[in-house]
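File shown: data_36.cif (mmCIF, C-alpha atoms).
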```cif
data_upload
loop_
_atom_site.group_PDB
_atom_site.id
_atom_site.type_symbol
_atom_site.label_atom_id
_atom_site.label_comp_id
_atom_site.auth_asym_id
_atom_site.auth_seq_id
_atom_site.Cartn_x
_atom_site.Cartn_y
_atom_site.Cartn_z
ATOM 1 C CA MET A 1 2.289 -51.330 19.051
ATOM 2 C CA MET A 2 -1.162 -50.108 20.018
ATOM 3 C CA LYS A 3 -2.479 -48.722 23.244
ATOM 4 C CA ILE A 4 -5.768 -47.329 24.504
ATOM 5 C CA VAL A 5 -5.991 -44.647 27.139
ATOM 6 C CA VAL A 6 -9.246 -43.431 28.662
ATOM 7 C CA GLU A 7 -9.375 -40.201 30.594
ATOM 8 C CA LYS A 8 -12.173 -38.494 32.487
ATOM 9 C CA ARG A 9 -12.273 -34.753 32.944
ATOM 10 C CA MET A 10 -15.685 -33.722 34.197
ATOM 11 C CA LEU A 11 -15.910 -30.057 33.354
ATOM 12 C CA HIS A 12 -19.506 -29.877 34.456
ATOM 13 C CA ILE A 13 -22.243 -32.218 35.653
ATOM 14 C CA LEU A 14 -24.286 -33.571 32.781
ATOM 15 C CA LEU A 15 -27.741 -34.643 33.893
ATOM 16 C CA ILE A 16 -29.505 -36.990 31.491
ATOM 17 C CA PRO A 17 -32.873 -38.545 32.334
ATOM 18 C CA LEU A 18 -32.601 -42.317 32.542
ATOM 19 C CA PHE A 19 -35.196 -42.957 29.869
ATOM 20 C CA LEU A 20 -33.036 -41.276 27.218
ATOM 21 C CA PHE A 21 -30.656 -44.208 27.271
ATOM 22 C CA PHE A 22 -33.400 -46.404 25.870
ATOM 23 C CA ILE A 23 -34.446 -44.146 23.024
ATOM 24 C CA ASN A 24 -33.773 -45.775 19.636
ATOM 25 C CA ILE A 25 -33.736 -42.964 17.110
ATOM 26 C CA GLU A 26 -32.282 -43.169 13.614
ATOM 27 C CA SER A 27 -29.115 -41.130 13.294
ATOM 28 C CA PRO A 28 -29.102 -38.307 10.743
ATOM 29 C CA ALA A 29 -27.078 -38.904 7.584
ATOM 30 C CA ARG A 30 -24.663 -36.010 8.110
ATOM 31 C CA ALA A 31 -21.443 -37.761 8.892
ATOM 32 C CA CYS A 32 -17.885 -38.630 7.826
ATOM 33 C CA THR A 33 -15.630 -41.648 7.421
ATOM 34 C CA LEU A 34 -12.020 -41.660 8.705
ATOM 35 C CA TRP A 35 -9.233 -44.211 8.247
ATOM 36 C CA GLY A 36 -5.450 -44.388 8.429
ATOM 37 C CA SER A 37 -2.381 -46.651 8.410
ATOM 38 C CA ALA A 38 1.139 -46.389 9.799
ATOM 39 C CA GLY A 39 4.419 -48.294 9.961
ATOM 40 C CA GLU A 40 4.715 -51.566 8.037
ATOM 41 C CA PHE A 41 1.039 -51.314 7.068
ATOM 42 C CA SER A 42 1.852 -48.413 4.686
ATOM 43 C CA VAL A 43 4.103 -48.255 1.642
ATOM 44 C CA ASP A 44 7.623 -47.120 2.625
ATOM 45 C CA SER A 45 6.468 -47.057 6.280
ATOM 46 C CA SER A 46 4.710 -43.746 5.628
ATOM 47 C CA THR A 47 1.616 -42.539 7.445
ATOM 48 C CA ILE A 48 -1.575 -42.290 5.390
ATOM 49 C CA ILE A 49 -4.778 -40.655 6.669
ATOM 50 C CA ALA A 50 -8.083 -40.201 4.839
ATOM 51 C CA LYS A 51 -11.476 -38.617 5.289
ATOM 52 C CA ASN A 52 -14.628 -38.727 3.228
ATOM 53 C CA ARG A 53 -16.587 -35.621 4.112
ATOM 54 C CA ASP A 54 -20.359 -36.195 4.103
ATOM 55 C CA TRP A 55 -22.799 -33.362 4.656
ATOM 56 C CA LYS A 56 -25.945 -31.726 3.374
ATOM 57 C CA PRO A 57 -25.893 -30.901 -0.362
ATOM 58 C CA ASP A 58 -25.915 -27.113 0.023
ATOM 59 C CA SER A 59 -22.385 -27.098 1.489
ATOM 60 C CA LEU A 60 -19.407 -26.365 -0.762
ATOM 61 C CA THR A 61 -15.762 -27.392 -0.385
ATOM 62 C CA VAL A 62 -12.946 -24.836 -0.513
ATOM 63 C CA VAL A 63 -9.307 -25.954 -0.929
ATOM 64 C CA LYS A 64 -6.773 -23.499 0.477
ATOM 65 C CA LYS A 65 -3.779 -22.686 2.669
ATOM 66 C CA ALA A 66 -4.138 -20.680 5.856
ATOM 67 C CA GLN A 67 -2.137 -19.480 8.846
ATOM 68 C CA LYS A 68 -2.966 -18.162 12.284
ATOM 69 C CA LYS A 69 -0.803 -15.413 13.753
ATOM 70 C CA ASP A 70 2.472 -16.830 15.099
ATOM 71 C CA GLY A 71 1.397 -20.341 14.093
ATOM 72 C CA TYR A 72 2.258 -23.027 11.571
ATOM 73 C CA ARG A 73 0.912 -22.782 8.042
ATOM 74 C CA TYR A 74 -1.688 -25.418 7.212
ATOM 75 C CA PHE A 75 -3.543 -26.642 4.135
ATOM 76 C CA GLY A 76 -6.806 -28.475 3.698
ATOM 77 C CA ILE A 77 -10.482 -28.460 2.858
ATOM 78 C CA PHE A 78 -12.893 -25.919 4.338
ATOM 79 C CA GLY A 79 -16.685 -25.921 4.286
ATOM 80 C CA GLU A 80 -18.738 -23.048 2.941
ATOM 81 C CA GLU A 81 -22.484 -22.452 3.196
ATOM 82 C CA ASN A 82 -24.313 -19.446 1.806
ATOM 83 C CA GLY A 83 -21.008 -17.704 1.151
ATOM 84 C CA LYS A 84 -19.795 -18.119 4.741
ATOM 85 C CA SER A 85 -17.004 -20.421 5.897
ATOM 86 C CA THR A 86 -17.963 -23.262 8.216
ATOM 87 C CA GLY A 87 -14.363 -23.979 9.110
ATOM 88 C CA LEU A 88 -11.556 -26.427 8.450
ATOM 89 C CA LYS A 89 -12.766 -29.999 7.878
ATOM 90 C CA ALA A 90 -9.463 -31.797 7.228
ATOM 91 C CA GLY A 91 -5.907 -30.608 6.869
ATOM 92 C CA VAL A 92 -2.162 -30.940 7.329
ATOM 93 C CA ASN A 93 0.390 -28.383 8.483
ATOM 94 C CA GLU A 94 3.897 -27.553 7.299
ATOM 95 C CA THR A 95 5.481 -29.868 9.906
ATOM 96 C CA GLY A 96 3.580 -32.882 8.568
ATOM 97 C CA LEU A 97 0.942 -33.123 11.318
ATOM 98 C CA SER A 98 -2.456 -34.009 9.870
ATOM 99 C CA LEU A 99 -5.941 -33.919 11.382
ATOM 100 C CA VAL A 100 -9.372 -35.094 10.210
ATOM 101 C CA SER A 101 -12.606 -35.087 12.205
ATOM 102 C CA ALA A 102 -16.090 -36.615 12.217
ATOM 103 C CA THR A 103 -19.402 -35.721 13.830
ATOM 104 C CA ALA A 104 -20.615 -37.718 16.847
ATOM 105 C CA SER A 105 -24.033 -38.114 15.242
ATOM 106 C CA SER A 106 -25.003 -41.008 17.531
ATOM 107 C CA ILE A 107 -25.721 -38.262 20.086
ATOM 108 C CA PRO A 108 -28.721 -35.955 19.510
ATOM 109 C CA LYS A 109 -27.570 -32.606 18.150
ATOM 110 C CA LYS A 110 -29.003 -30.675 21.111
ATOM 111 C CA GLU A 111 -26.756 -32.712 23.435
ATOM 112 C CA ARG A 112 -23.557 -32.160 21.429
ATOM 113 C CA LYS A 113 -22.686 -29.050 23.404
ATOM 114 C CA TYR A 114 -19.403 -27.365 24.192
ATOM 115 C CA PRO A 115 -18.469 -27.708 27.885
ATOM 116 C CA GLY A 116 -17.300 -24.086 27.764
ATOM 117 C CA LYS A 117 -16.599 -21.376 25.220
ATOM 118 C CA LYS A 118 -16.735 -22.338 21.529
ATOM 119 C CA PHE A 119 -13.455 -22.528 19.656
ATOM 120 C CA SER A 120 -12.013 -24.029 16.459
ATOM 121 C CA ILE A 121 -10.041 -27.044 17.607
ATOM 122 C CA ASN A 122 -8.973 -28.129 14.095
ATOM 123 C CA THR A 123 -7.214 -24.862 13.329
ATOM 124 C CA LEU A 124 -5.822 -24.645 16.867
ATOM 125 C CA ILE A 125 -4.139 -28.036 16.601
ATOM 126 C CA LEU A 126 -2.712 -27.542 13.122
ATOM 127 C CA SER A 127 -1.428 -24.044 13.876
ATOM 128 C CA LYS A 128 0.119 -24.923 17.261
ATOM 129 C CA PHE A 129 1.418 -28.514 17.214
ATOM 130 C CA ASP A 130 4.073 -30.383 15.223
ATOM 131 C CA SER A 131 3.495 -34.017 16.236
ATOM 132 C CA VAL A 132 0.942 -36.509 17.558
ATOM 133 C CA ASP A 133 2.874 -36.802 20.821
ATOM 134 C CA ALA A 134 2.808 -33.021 21.273
ATOM 135 C CA VAL A 135 -0.973 -33.005 20.815
ATOM 136 C CA LEU A 136 -1.541 -35.902 23.201
ATOM 137 C CA LYS A 137 0.678 -34.270 25.803
ATOM 138 C CA GLU A 138 -1.909 -31.479 25.934
ATOM 139 C CA ARG A 139 -4.953 -33.667 25.314
ATOM 140 C CA GLU A 140 -7.008 -31.631 27.783
ATOM 141 C CA ILE A 141 -7.723 -29.414 24.746
ATOM 142 C CA PHE A 142 -10.194 -32.075 23.631
ATOM 143 C CA SER A 143 -11.920 -31.976 27.013
ATOM 144 C CA ARG A 144 -12.980 -28.413 26.211
ATOM 145 C CA TYR A 145 -14.531 -29.438 22.887
ATOM 146 C CA LYS A 146 -17.979 -30.748 22.052
ATOM 147 C CA PRO A 147 -18.527 -34.516 21.529
ATOM 148 C CA CYS A 148 -16.664 -35.406 18.345
ATOM 149 C CA PHE A 149 -14.170 -37.835 16.785
ATOM 150 C CA PHE A 150 -10.664 -37.046 15.543
ATOM 151 C CA MET A 151 -7.822 -38.801 13.773
ATOM 152 C CA ILE A 152 -4.358 -37.242 13.875
ATOM 153 C CA GLY A 153 -1.115 -38.429 12.337
ATOM 154 C CA ASP A 154 2.518 -37.587 11.692
ATOM 155 C CA LYS A 155 5.357 -39.535 10.079
ATOM 156 C CA HIS A 156 5.680 -41.750 13.174
ATOM 157 C CA LYS A 157 2.148 -42.667 14.292
ATOM 158 C CA ILE A 158 -1.608 -42.188 14.071
ATOM 159 C CA ALA A 159 -4.167 -41.733 16.826
ATOM 160 C CA VAL A 160 -7.955 -41.675 17.170
ATOM 161 C CA ILE A 161 -9.520 -39.489 19.860
ATOM 162 C CA GLU A 162 -13.119 -39.927 20.952
ATOM 163 C CA VAL A 163 -14.568 -36.957 22.847
ATOM 164 C CA ALA A 164 -17.659 -37.854 24.862
ATOM 165 C CA PRO A 165 -20.122 -35.638 26.765
ATOM 166 C CA GLY A 166 -18.720 -34.157 29.956
ATOM 167 C CA GLY A 167 -15.184 -33.781 28.614
ATOM 168 C CA LYS A 168 -14.311 -37.482 28.699
ATOM 169 C CA ILE A 169 -11.603 -38.657 26.290
ATOM 170 C CA SER A 170 -10.623 -42.009 24.826
ATOM 171 C CA VAL A 171 -7.334 -42.258 22.902
ATOM 172 C CA LYS A 172 -6.159 -45.125 20.693
ATOM 173 C CA GLU A 173 -2.764 -44.794 19.041
ATOM 174 C CA THR A 174 -0.413 -46.953 16.979
ATOM 175 C CA GLU A 175 2.981 -46.666 15.308
ATOM 176 C CA ASN A 176 2.380 -49.839 13.334
ATOM 177 C CA GLY A 177 -1.206 -50.578 12.383
ATOM 178 C CA ILE A 178 -4.542 -49.439 11.000
ATOM 179 C CA LEU A 179 -7.165 -47.248 12.682
ATOM 180 C CA TYR A 180 -10.575 -46.120 11.460
ATOM 181 C CA HIS A 181 -13.736 -44.436 12.704
ATOM 182 C CA THR A 182 -17.196 -43.371 11.587
ATOM 183 C CA ASN A 183 -19.851 -41.577 13.655
ATOM 184 C CA HIS A 184 -20.636 -43.651 16.728
ATOM 185 C CA TYR A 185 -18.656 -44.549 19.843
ATOM 186 C CA PHE A 186 -17.068 -47.961 19.588
ATOM 187 C CA ALA A 187 -14.009 -47.837 21.829
ATOM 188 C CA LYS A 188 -14.400 -50.737 24.261
ATOM 189 C CA THR A 189 -15.146 -48.414 27.133
ATOM 190 C CA GLU A 190 -18.121 -46.903 28.882
ATOM 191 C CA PHE A 191 -18.298 -44.476 25.936
ATOM 192 C CA GLU A 192 -20.577 -46.876 24.056
ATOM 193 C CA LYS A 193 -23.451 -45.865 26.307
ATOM 194 C CA ASN A 194 -23.475 -42.497 24.503
ATOM 195 C CA ASN A 195 -24.832 -44.134 21.335
ATOM 196 C CA LYS A 196 -28.455 -43.026 21.743
ATOM 197 C CA LYS A 197 -29.290 -43.243 18.043
ATOM 198 C CA LYS A 198 -29.288 -46.332 15.845
ATOM 199 C CA SER A 199 -26.481 -44.977 13.633
ATOM 200 C CA THR A 200 -27.333 -47.414 10.846
ATOM 201 C CA SER A 201 -25.189 -45.701 8.203
ATOM 202 C CA SER A 202 -22.269 -45.304 10.594
ATOM 203 C CA LYS A 203 -22.272 -48.989 11.517
ATOM 204 C CA ILE A 204 -22.592 -50.158 7.911
ATOM 205 C CA ARG A 205 -19.730 -47.916 6.799
ATOM 206 C CA LEU A 206 -17.582 -49.066 9.708
ATOM 207 C CA LYS A 207 -18.143 -52.730 8.863
ATOM 208 C CA ARG A 208 -17.415 -52.171 5.164
ATOM 209 C CA LEU A 209 -14.320 -50.097 5.906
ATOM 210 C CA SER A 210 -12.984 -52.806 8.211
ATOM 211 C CA ALA A 211 -13.546 -55.459 5.533
ATOM 212 C CA LEU A 212 -11.857 -53.403 2.808
ATOM 213 C CA LEU A 213 -8.828 -52.551 4.941
ATOM 214 C CA ASP A 214 -8.450 -56.130 6.190
ATOM 215 C CA SER A 215 -8.745 -57.695 2.741
ATOM 216 C CA ARG A 216 -6.305 -55.462 0.867
ATOM 217 C CA GLU A 217 -2.754 -56.627 0.460
ATOM 218 C CA LYS A 218 -0.329 -54.842 2.781
ATOM 219 C CA PRO A 219 1.408 -52.456 2.759
ATOM 220 C CA LEU A 220 -1.311 -49.997 1.744
ATOM 221 C CA SER A 221 -0.682 -47.132 -0.663
ATOM 222 C CA MET A 222 -2.388 -43.819 -1.282
ATOM 223 C CA GLN A 223 -3.921 -45.406 -4.377
ATOM 224 C CA ASP A 224 -5.507 -48.084 -2.171
ATOM 225 C CA PHE A 225 -6.991 -45.322 -0.028
ATOM 226 C CA ILE A 226 -8.313 -43.548 -3.133
ATOM 227 C CA LYS A 227 -10.058 -46.735 -4.275
ATOM 228 C CA ILE A 228 -11.576 -47.286 -0.841
ATOM 229 C CA SER A 229 -12.860 -43.705 -0.778
ATOM 230 C CA LEU A 230 -14.994 -44.415 -3.878
ATOM 231 C CA ASP A 231 -16.593 -47.628 -2.589
ATOM 232 C CA ARG A 232 -20.363 -47.700 -3.228
ATOM 233 C CA ASN A 233 -21.115 -51.206 -2.025
ATOM 234 C CA ASP A 234 -23.948 -50.266 0.336
ATOM 235 C CA GLY A 235 -26.150 -47.926 -1.654
ATOM 236 C CA ALA A 236 -26.755 -44.212 -1.877
ATOM 237 C CA ASP A 237 -27.003 -43.487 1.861
ATOM 238 C CA ASN A 238 -24.808 -46.091 3.562
ATOM 239 C CA SER A 239 -21.727 -46.453 1.354
ATOM 240 C CA ILE A 240 -18.290 -45.022 2.030
ATOM 241 C CA TRP A 241 -18.865 -42.839 -1.078
ATOM 242 C CA ARG A 242 -22.454 -41.642 -0.691
ATOM 243 C CA THR A 243 -24.560 -40.063 -3.397
ATOM 244 C CA GLY A 244 -27.792 -39.468 -1.455
ATOM 245 C CA SER A 245 -31.010 -41.291 -2.287
ATOM 246 C CA THR A 246 -32.879 -37.985 -2.728
ATOM 247 C CA PRO A 247 -31.741 -34.471 -3.714
ATOM 248 C CA LYS A 248 -31.936 -33.319 -0.088
ATOM 249 C CA LYS A 249 -30.122 -36.264 1.483
ATOM 250 C CA SER A 250 -26.544 -35.851 2.653
ATOM 251 C CA ARG A 251 -23.834 -37.166 0.407
ATOM 252 C CA THR A 252 -20.052 -37.258 0.094
ATOM 253 C CA LEU A 253 -18.838 -33.771 -0.781
ATOM 254 C CA ALA A 254 -15.077 -34.315 -0.632
ATOM 255 C CA THR A 255 -12.238 -36.761 -0.053
ATOM 256 C CA PHE A 256 -9.023 -35.708 1.680
ATOM 257 C CA ILE A 257 -6.059 -38.115 1.746
ATOM 258 C CA VAL A 258 -2.613 -37.243 3.055
ATOM 259 C CA GLU A 259 0.563 -39.333 2.829
ATOM 260 C CA ILE A 260 3.316 -38.354 5.265
ATOM 261 C CA PRO A 261 6.625 -40.081 4.429
ATOM 262 C CA LYS A 262 9.507 -40.685 6.817
ATOM 263 C CA THR A 263 11.595 -38.332 4.648
ATOM 264 C CA GLY A 264 10.570 -35.885 1.943
ATOM 265 C CA PRO A 265 7.490 -33.716 1.422
ATOM 266 C CA THR A 266 3.930 -34.602 2.338
ATOM 267 C CA LYS A 267 1.594 -35.593 -0.510
ATOM 268 C CA VAL A 268 -2.097 -34.733 -0.623
ATOM 269 C CA PHE A 269 -4.975 -36.019 -2.744
ATOM 270 C CA ILE A 270 -8.269 -34.098 -2.748
ATOM 271 C CA ARG A 271 -11.488 -34.895 -4.549
ATOM 272 C CA THR A 272 -14.382 -32.419 -4.491
ATOM 273 C CA ALA A 273 -17.974 -33.152 -5.446
ATOM 274 C CA ASP A 274 -19.841 -29.886 -5.009
ATOM 275 C CA PRO A 275 -23.583 -30.211 -5.712
ATOM 276 C CA GLY A 276 -24.387 -29.647 -9.372
ATOM 277 C CA LYS A 277 -20.736 -29.820 -10.445
ATOM 278 C CA GLU A 278 -18.458 -32.485 -11.864
ATOM 279 C CA ARG A 279 -16.135 -34.272 -9.485
ATOM 280 C CA THR A 280 -12.691 -32.682 -9.498
ATOM 281 C CA GLU A 281 -9.430 -34.265 -8.306
ATOM 282 C CA TYR A 282 -6.262 -32.500 -7.161
ATOM 283 C CA ARG A 283 -2.804 -33.748 -6.181
ATOM 284 C CA PHE A 284 -0.312 -31.649 -4.245
ATOM 285 C CA ILE A 285 3.284 -32.064 -3.137
ATOM 286 C CA LEU A 286 3.774 -29.932 -0.034
ATOM 287 C CA ASP A 287 7.424 -28.986 -0.496
ATOM 288 C CA ASP A 288 9.093 -25.682 0.377
ATOM 289 C CA ASP A 289 7.956 -24.126 -2.907
ATOM 290 C CA PHE A 290 4.345 -25.022 -2.101
ATOM 291 C CA TRP A 291 4.430 -23.480 1.375
ATOM 292 C CA ASN A 292 6.253 -20.360 0.218
ATOM 293 C CA ARG A 293 3.935 -19.581 -2.702
ATOM 294 C CA GLU A 294 1.465 -16.834 -1.917
ATOM 295 C CA SER A 295 -1.513 -18.625 -3.513
#
```
Starting from the file, give its structure as structure tokens.
Amino acid sequence: MMKIVVEKRMLHILLIPLFLFFINIESPARACTLWGSAGEFSVDSSTIIAKNRDWKPDSLTVVKKAQKKDGYRYFGIFGEENGKSTGLKAGVNETGLSLVSATASSIPKKERKYPGKKFSINTLILSKFDSVDAVLKEREIFSRYKPCFFMIGDKHKIAVIEVAPGGKISVKETENGILYHTNHYFAKTEFEKNNKKKSTSSKIRLKRLSALLDSREKPLSMQDFIKISLDRNDGADNSIWRTGSTPKKSRTLATFIVEIPKTGPTKVFIRTADPGKERTEYRFILDDDFWNRES
């Protein structure tokens, strides 16, 4: 079962000169790749969600647990630049709700503005909500965020949320299927008009991801997701796992994969690839002992 819902919440009037719609600018390489499966498409009808985090090579990945006051505990990967945190990039909370996000790099950076006051939506969602339905019931939260893409999942379903300029939202959800996203708008809605940059890498990764997910035998397992995350079919700058064609080019810095079973604890796979360091892989079982440990 899959459904698409498009909502419009104009928080302010966004004036864009007509000629900007015809600008054909190459999209920057800073981006991410998201994919997930649910229902009979996953082993044991679990939910599996993944993100390859791509960014500039001076950003580090920190793996840790965190908690906001009076909120759920959550665990994931955080960015760090020059010793300062750049926030949660992908995570899952103690109820089994997971969230990953990707930059809307098909929009010029200067136009990816918050409609209102800045806030950390990733930590807000993981600290406050316990299910996809609970998040979507209060989806106006996304209307207050800058243009961006999200995938959320729990043991019952997965959903992709596209946030467009002006607080517009597109939601695609499924209890039994596969969803994926890269860094340009491709919901079959008026959102596609926001793609002002060529987004070459995003489109190549999307096409490759679709082919890999379609061709693999179902149901999919976490191991299938791990293999997909390392795919280098399209070169240093356009593959799902990117290495960067020059030392300054963006590359894949981390992989985050979460498996949320119908019963039992959530499982997490993390791979980090900090610049100048060997790739490191971690596996976690998020049982009561994990959440109750101090470290």
Do a neighbour search on A:Val258 at 9 Å with only C-alpha atoms, toss out local chain neighbours closer than 5 positions, and write the hits as an MDAnalysis selection string.
chainID A and resid 47:50 91:92 98 222 266:270
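The closest residue to A:Asn292, picked from A:Leu88, A:Leu136, A:Ile178, A:Ala66 and counting only C-alpha atoms, is A:Ala66.
Computed from the coordinates, the atom CA of A:Ser221 to atom CA of A:Thr103 distance equals 26.3 Å.
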Where does the PyMOL selection byres ((chain A and resi 143) around 8) land in this file, that is, which residues does it pick, as a count of residues only?
15
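When the distance limit is 6 Å and only C-alpha atoms are what count, the residues near A:Val100, minus those fewer than 5 positions from it on the same chain, are A:Ala90, A:Phe150, A:Met151.
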Selected residues written out with C-alpha atoms, as a PDB file, in the frame of the given file:
```pdb
ATOM      1  CA  ALA A  90      -9.463 -31.797   7.228  1.00  0.00           C
ATOM      2  CA  PHE A 150     -10.664 -37.046  15.543  1.00  0.00           C
ATOM      3  CA  MET A 151      -7.822 -38.801  13.773  1.00  0.00           C
TER       4      MET A 151
END
```
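Minimum atom-to-atom distance to A:Ala236, evaluated using all atoms listed in the file, belongs to A:Asp54 out of A:Asp54, A:Leu209, A:Lys157, A:Asn82.
The residue that comes closest to A:Glu175, out of A:Val62, A:Ala104, A:Val132, A:Ala211 and on the basis of all atoms listed in the file, is A:Val132.
Rounded to one decimal, atom CA of A:Lys65 and atom CA of A:Cys32 lie 21.9 Å from each other.
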Stretch 49-139 of chain A residues near stretch 195-199 of chain A within 12 Å, closest pair each, using all atoms listed in the file, as a Markdown table:
```
| residue | atom | partner | partner_atom | distance |
| --- | --- | --- | --- | --- |
| A:Thr103 | CA | A:Ser199 | CA | 11.7 |
| A:Ala104 | CA | A:Asn195 | CA | 8.9 |
| A:Ser105 | CA | A:Ser199 | CA | 7.5 |
| A:Ser106 | CA | A:Lys197 | CA | 4.9 |
| A:Ile107 | CA | A:Lys196 | CA | 5.7 |
| A:Pro108 | CA | A:Lys196 | CA | 7.4 |
| A:Lys109 | CA | A:Lys197 | CA | 10.8 |
| A:Glu111 | CA | A:Lys196 | CA | 10.6 |
| A:Arg112 | CA | A:Lys196 | CA | 11.9 |
```
Residues returned when the PyMOL selection byres ((chain A and resi 204) around 12) runs on this file, as JSON, numbers by chain
{"A": [33, 181, 182, 183, 184, 198, 199, 200, 201, 202, 203, 205, 206, 207, 208, 209, 210, 211, 232, 233, 234, 235, 237, 238, 239, 240]}
Show which residues sit within 8 Å of A:Arg53, as a ChimeraX atom specification. Count all atoms listed in the file, and ignore same-chain residues fewer than 6 positions away.
/A:31-33,89,252-256
Take the residues just selected and output them with C-alpha atoms as a PDB file, in the coordinates of the input.
```
ATOM      1  CA  ALA A  31     -21.443 -37.761   8.892  1.00  0.00           C
ATOM      2  CA  CYS A  32     -17.885 -38.630   7.826  1.00  0.00           C
ATOM      3  CA  THR A  33     -15.630 -41.648   7.421  1.00  0.00           C
ATOM      4  CA  LYS A  89     -12.766 -29.999   7.878  1.00  0.00           C
ATOM      5  CA  THR A 252     -20.052 -37.258   0.094  1.00  0.00           C
ATOM      6  CA  LEU A 253     -18.838 -33.771  -0.781  1.00  0.00           C
ATOM      7  CA  ALA A 254     -15.077 -34.315  -0.632  1.00  0.00           C
ATOM      8  CA  THR A 255     -12.238 -36.761  -0.053  1.00  0.00           C
ATOM      9  CA  PHE A 256      -9.023 -35.708   1.680  1.00  0.00           C
TER      10      PHE A 256
END
```
Please complete stretch 164-175 of chain A so it has N, CA and C atoms, and hand it over as a tab-separated table (two decimals), keeping the file's coordinate frame.
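Below is the file out.tsv, written as the result:
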```
chain	number	residue	atom	x	y	z
A	164	ALA	N	-16.30	-37.54	24.41
A	164	ALA	CA	-17.66	-37.85	24.86
A	164	ALA	C	-18.22	-36.70	25.69
A	165	PRO	N	-19.54	-36.69	25.93
A	165	PRO	CA	-20.12	-35.64	26.76
A	165	PRO	C	-19.44	-35.57	28.13
A	166	GLY	N	-19.33	-34.35	28.65
A	166	GLY	CA	-18.72	-34.16	29.96
A	166	GLY	C	-17.22	-34.06	29.92
A	167	GLY	N	-16.63	-33.94	28.71
A	167	GLY	CA	-15.18	-33.78	28.61
A	167	GLY	C	-14.39	-35.06	28.76
A	168	LYS	N	-15.03	-36.21	28.62
A	168	LYS	CA	-14.31	-37.48	28.70
A	168	LYS	C	-13.59	-37.75	27.38
A	169	ILE	N	-12.43	-38.40	27.47
A	169	ILE	CA	-11.60	-38.66	26.29
A	169	ILE	C	-11.15	-40.11	26.25
A	170	SER	N	-11.22	-40.71	25.07
A	170	SER	CA	-10.62	-42.01	24.83
A	170	SER	C	-9.60	-41.84	23.71
A	171	VAL	N	-8.40	-42.38	23.90
A	171	VAL	CA	-7.33	-42.26	22.90
A	171	VAL	C	-6.83	-43.64	22.51
A	172	LYS	N	-6.76	-43.91	21.22
A	172	LYS	CA	-6.16	-45.12	20.69
A	172	LYS	C	-5.07	-44.69	19.72
A	173	GLU	N	-3.87	-45.21	19.90
A	173	GLU	CA	-2.76	-44.79	19.04
A	173	GLU	C	-1.93	-45.99	18.61
A	174	THR	N	-1.27	-45.88	17.46
A	174	THR	CA	-0.41	-46.95	16.98
A	174	THR	C	0.69	-46.39	16.09
A	175	GLU	N	1.87	-46.98	16.21
A	175	GLU	CA	2.98	-46.67	15.31
A	175	GLU	C	3.06	-47.68	14.17
```
